[in-house]
Protein chains: 2
Amino acid sequence: MVCAALAREQGFEVFALTIDYGQRHRVEIQSARRIAANLAERHIVLPLDLTAFGGSALTADIAVPKDGVGARGEGGVPVTYVPARNTVFLSLALAWAEAAGARDLFVGVNALDYSGYPDCRPEFIAAFQALADKGTRAGSEGQGFTIHAPLQHLTKANIAREAARLGLDPAISHSCYDPAPDGGACGDCDACRLREKGFAEAGLPDATRYAAQ
Amino acid sequence: MVCAALAREQGFEVFALTIDYGQRHRVEIQSARRIAANLAERHIVLPLDLTAFGGSALTADIAVPKDGVGARGEGGVPVTYVPARNTVFLSLALAWAEAAGARDLFVGVNALDYSGYPDCRPEFIAAFQALADKGTRAGSEGQGFTIHAPLQHLTKANIAREAARLGLDPAISHSCYDPAPDGGACGDCDACRLREKGFAEAGLPDATRYAAQ
């Protein structure tokens with residue numbers, strides 16, 4: 001949501017892409033629809049069944065860790081990592097961008113208050129940009145792509161502050177990996193912990209709706 | 001088919017991935033099933049509706065060129081190019097590979113007798129390999145991936161010769177971009193012309209079933 005609003009602020013028309021990949025927290029797609037209705041010119045929700053591959057707590061029958069960010073040891077990537085997920089997501093965004101004549105891709109990855117996922121790091125974004133220019137007609141003809149990751153070097157607190165500055169309503173966004181059937185956040189997964197920390201450090205109200213205990 | 005057989009010959013177990021992306025020549029999926037039944041331990045046919053993005057003669061209502069390979073001018077990429085398609089395909093193969101514990105990806109691209117697609121060229125394969133090592137847990141932990149493109153520097157004639165050497169039946173493979181409703185090849189698209197040229201130059205019989213004129 002913040003990433004899309006920053007793109008708009010820079011003067012871009014937003015074509016929003018959501019992947020319905022079989023994620024455990026599929027309720028995030030409802031949030032994406034509400035956000036896109038506010039911020040995007042077009043929105044595609046593309047089904048792609050990554051449960052066919054499995055290998056992650058988000059796409060297979062593997063428990064979501066609740067013991068705290070980084071509790072699995074320094075540098076360890078948690079089981080909520082979905083194999084090559086952001087590579088797949090950016091590839092699809094690249095496909096739509098090239099087909100639509102767009103040259104700027106925005107992705108809301110964050111590499112500061114995060115779970116250590118390799119495909120959120122600046123070196124991944126740089127490698128994808130290099131690939132985009134080799135693997136497309138537009139890139140091979142010299143009209144390269146720019147991958148923007150405006151949240152990459154922001155803390156969660158600063159992302160919360162940006163949301164407030166941009167007049168966004170965080171209550172319509174969703175972070176929790178393991179929501180209750182009613183969509184309420186669990187409060188204990190990495191995504192919940194990092195989100196809560198962000199609002200707290202920013203001194204901003206946290207309107208997140210938590211699941212009844 | 002030849003690429004998969006070469007992987008087997010090198011001692012690999014083959015996990016075959018076919019993308020049902022809304023391609024005009026969807027009949028190729030039947031071929032893929034027959035080939036995988038012969039050569040693969042596992043086969044996933046993954047639906048992914050790239051017609052949502054369009055932008056190609058293979059995924060939108062745009063005519064397939066029939067006027068000869070390269071007829072659009074030296075270096076021009078024809079409208080049968082599907083935006084970022086091989087980036088998307090390799091990303092999905094990477095996702096499955098990492099989830100399954102595989103480290104070797106094989107892709108049957110060819111950059112000699114081809115239509116000039118940017119995402120068949122060696123520099124694309126090299127850029128994808130660099131990305132794979134940045135964008136995955138395995139890669140970031142030093143267990144990098146190898147992208148094999150064993151057909152890349154073969155002529156179509158040599159690919160046909162390899163098929164014969166490996167005891168493969170080319171009649172079960174499919175190349176045509178614009179087959180008749182009965183699956184018969186058109187004989188005039190780039191894929192048909194390159195295939196025909198391959199068998200002719202190799203002096204091998206061409207069992208391709210053409211559509212009734």
# chains A, B, ... in the order shown; residues from 1 in each chain; ligands from 1
call {"tool": "interface_residues", "arguments": {"of": "chain A", "to": "chain B", "cutoff": "6 Å", "atoms": "only C-alpha atoms", "output": "ChimeraX atom specification"}}
result
/A:48,53,55,83-84,87-88,91,95-96,98-99,118-119,124,127,131,134-137
call {"tool": "select_by_dssp", "arguments": {"residues": "range 21-170 of chain B", "states": "strand (DSSP E or B)", "output": "list in words"}}
result
Arg42, His43, Ile44, Val45, Leu46, Pro47, Asp104, Leu105, Phe106, Thr146, Ile147 and His148 of chain B
call {"tool": "select_by_dssp", "arguments": {"residues": "range 41-172 of chain B", "states": "helix (DSSP H, G or I)", "output": "PyMOL selection string"}}
result
chain B and resi 50-52+85-100+118-120+122-134+137-140+156-165+170-172
call {"tool": "write_last_selection", "arguments": {"atoms": "N, CA and C atoms", "output": "compact mmCIF listing (two decimals), in the first residue's frame"}}
result
# COMPACT_ATOMS: atom_id res chain seq x y z
N LEU B 50 -1.32 -16.26 -18.87
CA LEU B 50 -0.61 -15.08 -19.39
C LEU B 50 -1.44 -14.29 -20.39
N THR B 51 -2.61 -14.80 -20.78
CA THR B 51 -3.49 -13.99 -21.65
C THR B 51 -4.01 -12.77 -20.87
N ALA B 52 -3.91 -12.81 -19.53
CA ALA B 52 -4.30 -11.64 -18.73
C ALA B 52 -3.44 -10.43 -19.08
N ARG B 85 8.51 -14.28 -21.13
CA ARG B 85 8.02 -15.64 -20.91
C ARG B 85 9.06 -16.57 -20.31
N ASN B 86 10.26 -16.57 -20.87
CA ASN B 86 11.25 -17.52 -20.34
C ASN B 86 11.75 -17.12 -18.96
N THR B 87 11.66 -15.82 -18.65
CA THR B 87 11.97 -15.37 -17.28
C THR B 87 10.93 -15.96 -16.32
N VAL B 88 9.67 -15.89 -16.71
CA VAL B 88 8.61 -16.47 -15.88
C VAL B 88 8.78 -17.99 -15.77
N PHE B 89 9.04 -18.65 -16.90
CA PHE B 89 9.19 -20.11 -16.88
C PHE B 89 10.35 -20.54 -15.98
N LEU B 90 11.51 -19.90 -16.16
CA LEU B 90 12.67 -20.29 -15.35
C LEU B 90 12.46 -19.96 -13.89
N SER B 91 11.74 -18.88 -13.59
CA SER B 91 11.45 -18.53 -12.19
C SER B 91 10.62 -19.64 -11.54
N LEU B 92 9.65 -20.14 -12.27
CA LEU B 92 8.81 -21.21 -11.72
C LEU B 92 9.62 -22.50 -11.58
N ALA B 93 10.47 -22.77 -12.55
CA ALA B 93 11.34 -23.96 -12.45
C ALA B 93 12.27 -23.82 -11.24
N LEU B 94 12.75 -22.61 -11.01
CA LEU B 94 13.63 -22.35 -9.86
C LEU B 94 12.87 -22.58 -8.55
N ALA B 95 11.62 -22.13 -8.50
CA ALA B 95 10.80 -22.31 -7.30
C ALA B 95 10.63 -23.80 -7.00
N TRP B 96 10.30 -24.58 -8.02
CA TRP B 96 10.12 -26.02 -7.81
C TRP B 96 11.45 -26.67 -7.44
N ALA B 97 12.51 -26.28 -8.16
CA ALA B 97 13.83 -26.87 -7.88
C ALA B 97 14.21 -26.65 -6.43
N GLU B 98 14.08 -25.41 -5.95
CA GLU B 98 14.50 -25.15 -4.57
C GLU B 98 13.62 -25.94 -3.59
N ALA B 99 12.31 -25.96 -3.86
CA ALA B 99 11.41 -26.69 -2.95
C ALA B 99 11.73 -28.18 -2.93
N ALA B 100 12.16 -28.71 -4.08
CA ALA B 100 12.41 -30.16 -4.20
C ALA B 100 13.85 -30.54 -3.85
N PRO B 118 14.93 -12.50 -27.24
CA PRO B 118 16.01 -12.14 -26.32
C PRO B 118 16.21 -13.17 -25.21
N ASP B 119 15.10 -13.81 -24.80
CA ASP B 119 15.19 -14.72 -23.66
C ASP B 119 15.54 -16.15 -24.06
N CYS B 120 16.22 -16.28 -25.21
CA CYS B 120 16.85 -17.55 -25.60
C CYS B 120 18.37 -17.41 -25.66
N PRO B 122 22.42 -16.65 -24.73
CA PRO B 122 23.32 -17.02 -23.62
C PRO B 122 23.40 -15.95 -22.52
N GLU B 123 23.35 -14.67 -22.89
CA GLU B 123 23.47 -13.62 -21.86
C GLU B 123 22.24 -13.60 -20.96
N PHE B 124 21.11 -14.02 -21.46
CA PHE B 124 19.92 -14.15 -20.60
C PHE B 124 20.11 -15.30 -19.62
N ILE B 125 20.58 -16.42 -20.12
CA ILE B 125 20.78 -17.59 -19.24
C ILE B 125 21.79 -17.23 -18.14
N ALA B 126 22.86 -16.54 -18.51
CA ALA B 126 23.86 -16.14 -17.52
C ALA B 126 23.26 -15.20 -16.47
N ALA B 127 22.43 -14.25 -16.92
CA ALA B 127 21.81 -13.31 -15.98
C ALA B 127 20.83 -14.03 -15.06
N PHE B 128 20.14 -15.05 -15.59
CA PHE B 128 19.22 -15.78 -14.74
C PHE B 128 19.98 -16.59 -13.68
N GLN B 129 21.09 -17.17 -14.09
CA GLN B 129 21.89 -17.92 -13.12
C GLN B 129 22.37 -17.01 -11.98
N ALA B 130 22.80 -15.79 -12.32
CA ALA B 130 23.23 -14.84 -11.28
C ALA B 130 22.06 -14.51 -10.36
N LEU B 131 20.88 -14.33 -10.94
CA LEU B 131 19.69 -14.02 -10.14
C LEU B 131 19.33 -15.17 -9.22
N ALA B 132 19.41 -16.40 -9.75
CA ALA B 132 19.02 -17.58 -8.97
C ALA B 132 19.85 -17.67 -7.69
N ASP B 133 21.10 -17.30 -7.80
CA ASP B 133 21.97 -17.39 -6.62
C ASP B 133 21.71 -16.28 -5.61
N LYS B 134 21.14 -15.15 -6.06
CA LYS B 134 20.82 -14.04 -5.15
C LYS B 134 19.42 -14.20 -4.55
N ARG B 137 17.07 -19.07 -0.97
CA ARG B 137 17.74 -19.45 0.27
C ARG B 137 18.97 -20.29 -0.05
N ALA B 138 18.77 -21.29 -0.94
CA ALA B 138 19.88 -22.18 -1.29
C ALA B 138 21.05 -21.38 -1.86
N GLY B 139 20.75 -20.49 -2.79
CA GLY B 139 21.81 -19.69 -3.40
C GLY B 139 22.52 -18.81 -2.38
N SER B 140 21.72 -18.20 -1.49
CA SER B 140 22.33 -17.28 -0.51
C SER B 140 23.13 -18.04 0.54
N LYS B 156 19.40 -26.62 -35.59
CA LYS B 156 18.23 -27.49 -35.57
C LYS B 156 18.57 -28.86 -36.16
N ALA B 157 19.46 -28.88 -37.16
CA ALA B 157 19.87 -30.16 -37.74
C ALA B 157 20.57 -31.02 -36.68
N ASN B 158 21.41 -30.39 -35.88
CA ASN B 158 22.11 -31.17 -34.85
C ASN B 158 21.16 -31.59 -33.73
N ILE B 159 20.14 -30.79 -33.47
CA ILE B 159 19.14 -31.20 -32.47
C ILE B 159 18.38 -32.42 -33.00
N ALA B 160 18.04 -32.40 -34.29
CA ALA B 160 17.35 -33.56 -34.90
C ALA B 160 18.26 -34.80 -34.83
N ARG B 161 19.56 -34.59 -35.07
CA ARG B 161 20.50 -35.72 -35.00
C ARG B 161 20.59 -36.26 -33.56
N GLU B 162 20.58 -35.35 -32.59
CA GLU B 162 20.62 -35.78 -31.19
C GLU B 162 19.38 -36.61 -30.85
N ALA B 163 18.23 -36.17 -31.35
CA ALA B 163 16.99 -36.91 -31.09
C ALA B 163 17.13 -38.34 -31.61
N ALA B 164 17.69 -38.47 -32.82
CA ALA B 164 17.86 -39.80 -33.42
C ALA B 164 18.85 -40.63 -32.60
N ARG B 165 19.96 -40.01 -32.22
CA ARG B 165 20.98 -40.72 -31.44
C ARG B 165 20.43 -41.22 -30.11
N PRO B 170 10.53 -38.09 -32.79
CA PRO B 170 10.13 -36.70 -33.01
C PRO B 170 8.64 -36.55 -33.31
N ALA B 171 7.99 -37.62 -33.72
CA ALA B 171 6.57 -37.51 -34.07
C ALA B 171 5.72 -37.13 -32.86
N ILE B 172 6.20 -37.43 -31.64
CA ILE B 172 5.38 -37.07 -30.48
C ILE B 172 5.67 -35.65 -29.99
call {"tool": "residues_around", "arguments": {"residues": "range 30-40 of chain B", "least_positions_apart": "5", "cutoff": "8 Å", "atoms": "only C-alpha atoms", "output": "list in words"}}
result
Met1, Ala4, Ala5, Arg8, Glu13, Val14, Phe15, Ala16, Thr18, Ile172, Ser173 and His174 of chain B
call {"tool": "residues_around", "arguments": {"residues": "range 207-209 of chain A", "least_positions_apart": "3", "cutoff": "10 Å", "atoms": "only C-alpha atoms", "output": "MDAnalysis selection string"}}
result
chainID A and resid 169:176 183:187 192 195:196 199 204 212
call {"tool": "decode", "arguments": {"residues": "range 14-65 of chain B", "atoms": "C-alpha atoms", "output": "PDB file, in the first residue's frame"}}
result
ATOM      1  CA  VAL B  14      13.950 -35.360 -14.535  1.00  0.00           C
ATOM      2  CA  PHE B  15      11.223 -33.305 -12.850  1.00  0.00           C
ATOM      3  CA  ALA B  16       9.388 -31.870 -15.856  1.00  0.00           C
ATOM      4  CA  LEU B  17       7.496 -28.585 -15.677  1.00  0.00           C
ATOM      5  CA  THR B  18       4.977 -27.555 -18.320  1.00  0.00           C
ATOM      6  CA  ILE B  19       3.222 -24.183 -18.180  1.00  0.00           C
ATOM      7  CA  ASP B  20      -0.332 -24.062 -19.479  1.00  0.00           C
ATOM      8  CA  TYR B  21      -0.184 -20.316 -20.160  1.00  0.00           C
ATOM      9  CA  GLY B  22      -3.028 -19.871 -22.599  1.00  0.00           C
ATOM     10  CA  GLN B  23      -0.770 -20.482 -25.585  1.00  0.00           C
ATOM     11  CA  ARG B  24      -2.426 -20.665 -28.980  1.00  0.00           C
ATOM     12  CA  HIS B  25      -0.657 -23.997 -29.567  1.00  0.00           C
ATOM     13  CA  ARG B  26      -2.031 -25.502 -26.388  1.00  0.00           C
ATOM     14  CA  VAL B  27      -1.856 -28.885 -28.114  1.00  0.00           C
ATOM     15  CA  GLU B  28       1.844 -28.866 -27.151  1.00  0.00           C
ATOM     16  CA  ILE B  29       0.740 -29.786 -23.615  1.00  0.00           C
ATOM     17  CA  GLN B  30      -0.455 -33.173 -24.894  1.00  0.00           C
ATOM     18  CA  SER B  31       2.991 -33.681 -26.396  1.00  0.00           C
ATOM     19  CA  ALA B  32       4.607 -32.657 -23.127  1.00  0.00           C
ATOM     20  CA  ARG B  33       2.532 -35.259 -21.261  1.00  0.00           C
ATOM     21  CA  ARG B  34       3.609 -38.022 -23.636  1.00  0.00           C
ATOM     22  CA  ILE B  35       7.252 -36.966 -23.478  1.00  0.00           C
ATOM     23  CA  ALA B  36       7.229 -36.670 -19.682  1.00  0.00           C
ATOM     24  CA  ALA B  37       5.651 -40.116 -19.382  1.00  0.00           C
ATOM     25  CA  ASN B  38       8.714 -41.483 -21.197  1.00  0.00           C
ATOM     26  CA  LEU B  39      11.464 -39.382 -19.649  1.00  0.00           C
ATOM     27  CA  ALA B  40      10.414 -37.815 -16.332  1.00  0.00           C
ATOM     28  CA  GLU B  41      10.062 -39.032 -12.742  1.00  0.00           C
ATOM     29  CA  ARG B  42       7.528 -36.310 -12.072  1.00  0.00           C
ATOM     30  CA  HIS B  43       5.592 -33.903 -14.274  1.00  0.00           C
ATOM     31  CA  ILE B  44       3.672 -30.819 -13.195  1.00  0.00           C
ATOM     32  CA  VAL B  45       1.411 -28.999 -15.659  1.00  0.00           C
ATOM     33  CA  LEU B  46       0.913 -25.617 -14.028  1.00  0.00           C
ATOM     34  CA  PRO B  47      -1.896 -23.294 -15.201  1.00  0.00           C
ATOM     35  CA  LEU B  48      -0.823 -19.646 -15.486  1.00  0.00           C
ATOM     36  CA  ASP B  49      -3.023 -17.359 -17.532  1.00  0.00           C
ATOM     37  CA  LEU B  50      -0.612 -15.084 -19.390  1.00  0.00           C
ATOM     38  CA  THR B  51      -3.485 -13.986 -21.646  1.00  0.00           C
ATOM     39  CA  ALA B  52      -4.296 -11.637 -18.726  1.00  0.00           C
ATOM     40  CA  PHE B  53      -1.294  -9.595 -19.899  1.00  0.00           C
ATOM     41  CA  GLY B  54      -1.489 -10.267 -23.670  1.00  0.00           C
ATOM     42  CA  GLY B  55       1.033  -8.543 -25.910  1.00  0.00           C
ATOM     43  CA  SER B  56       1.915 -11.564 -28.071  1.00  0.00           C
ATOM     44  CA  ALA B  57       0.590 -13.464 -31.081  1.00  0.00           C
ATOM     45  CA  LEU B  58       0.707 -16.578 -28.894  1.00  0.00           C
ATOM     46  CA  THR B  59      -1.475 -15.163 -26.086  1.00  0.00           C
ATOM     47  CA  ALA B  60      -3.673 -12.522 -27.726  1.00  0.00           C
ATOM     48  CA  ASP B  61      -5.707 -12.029 -30.888  1.00  0.00           C
ATOM     49  CA  ILE B  62      -2.692 -11.129 -33.034  1.00  0.00           C
ATOM     50  CA  ALA B  63      -1.900 -13.083 -36.244  1.00  0.00           C
ATOM     51  CA  VAL B  64       1.091 -15.447 -36.268  1.00  0.00           C
ATOM     52  CA  PRO B  65       3.530 -14.304 -39.017  1.00  0.00           C
TER      53      PRO B  65
END
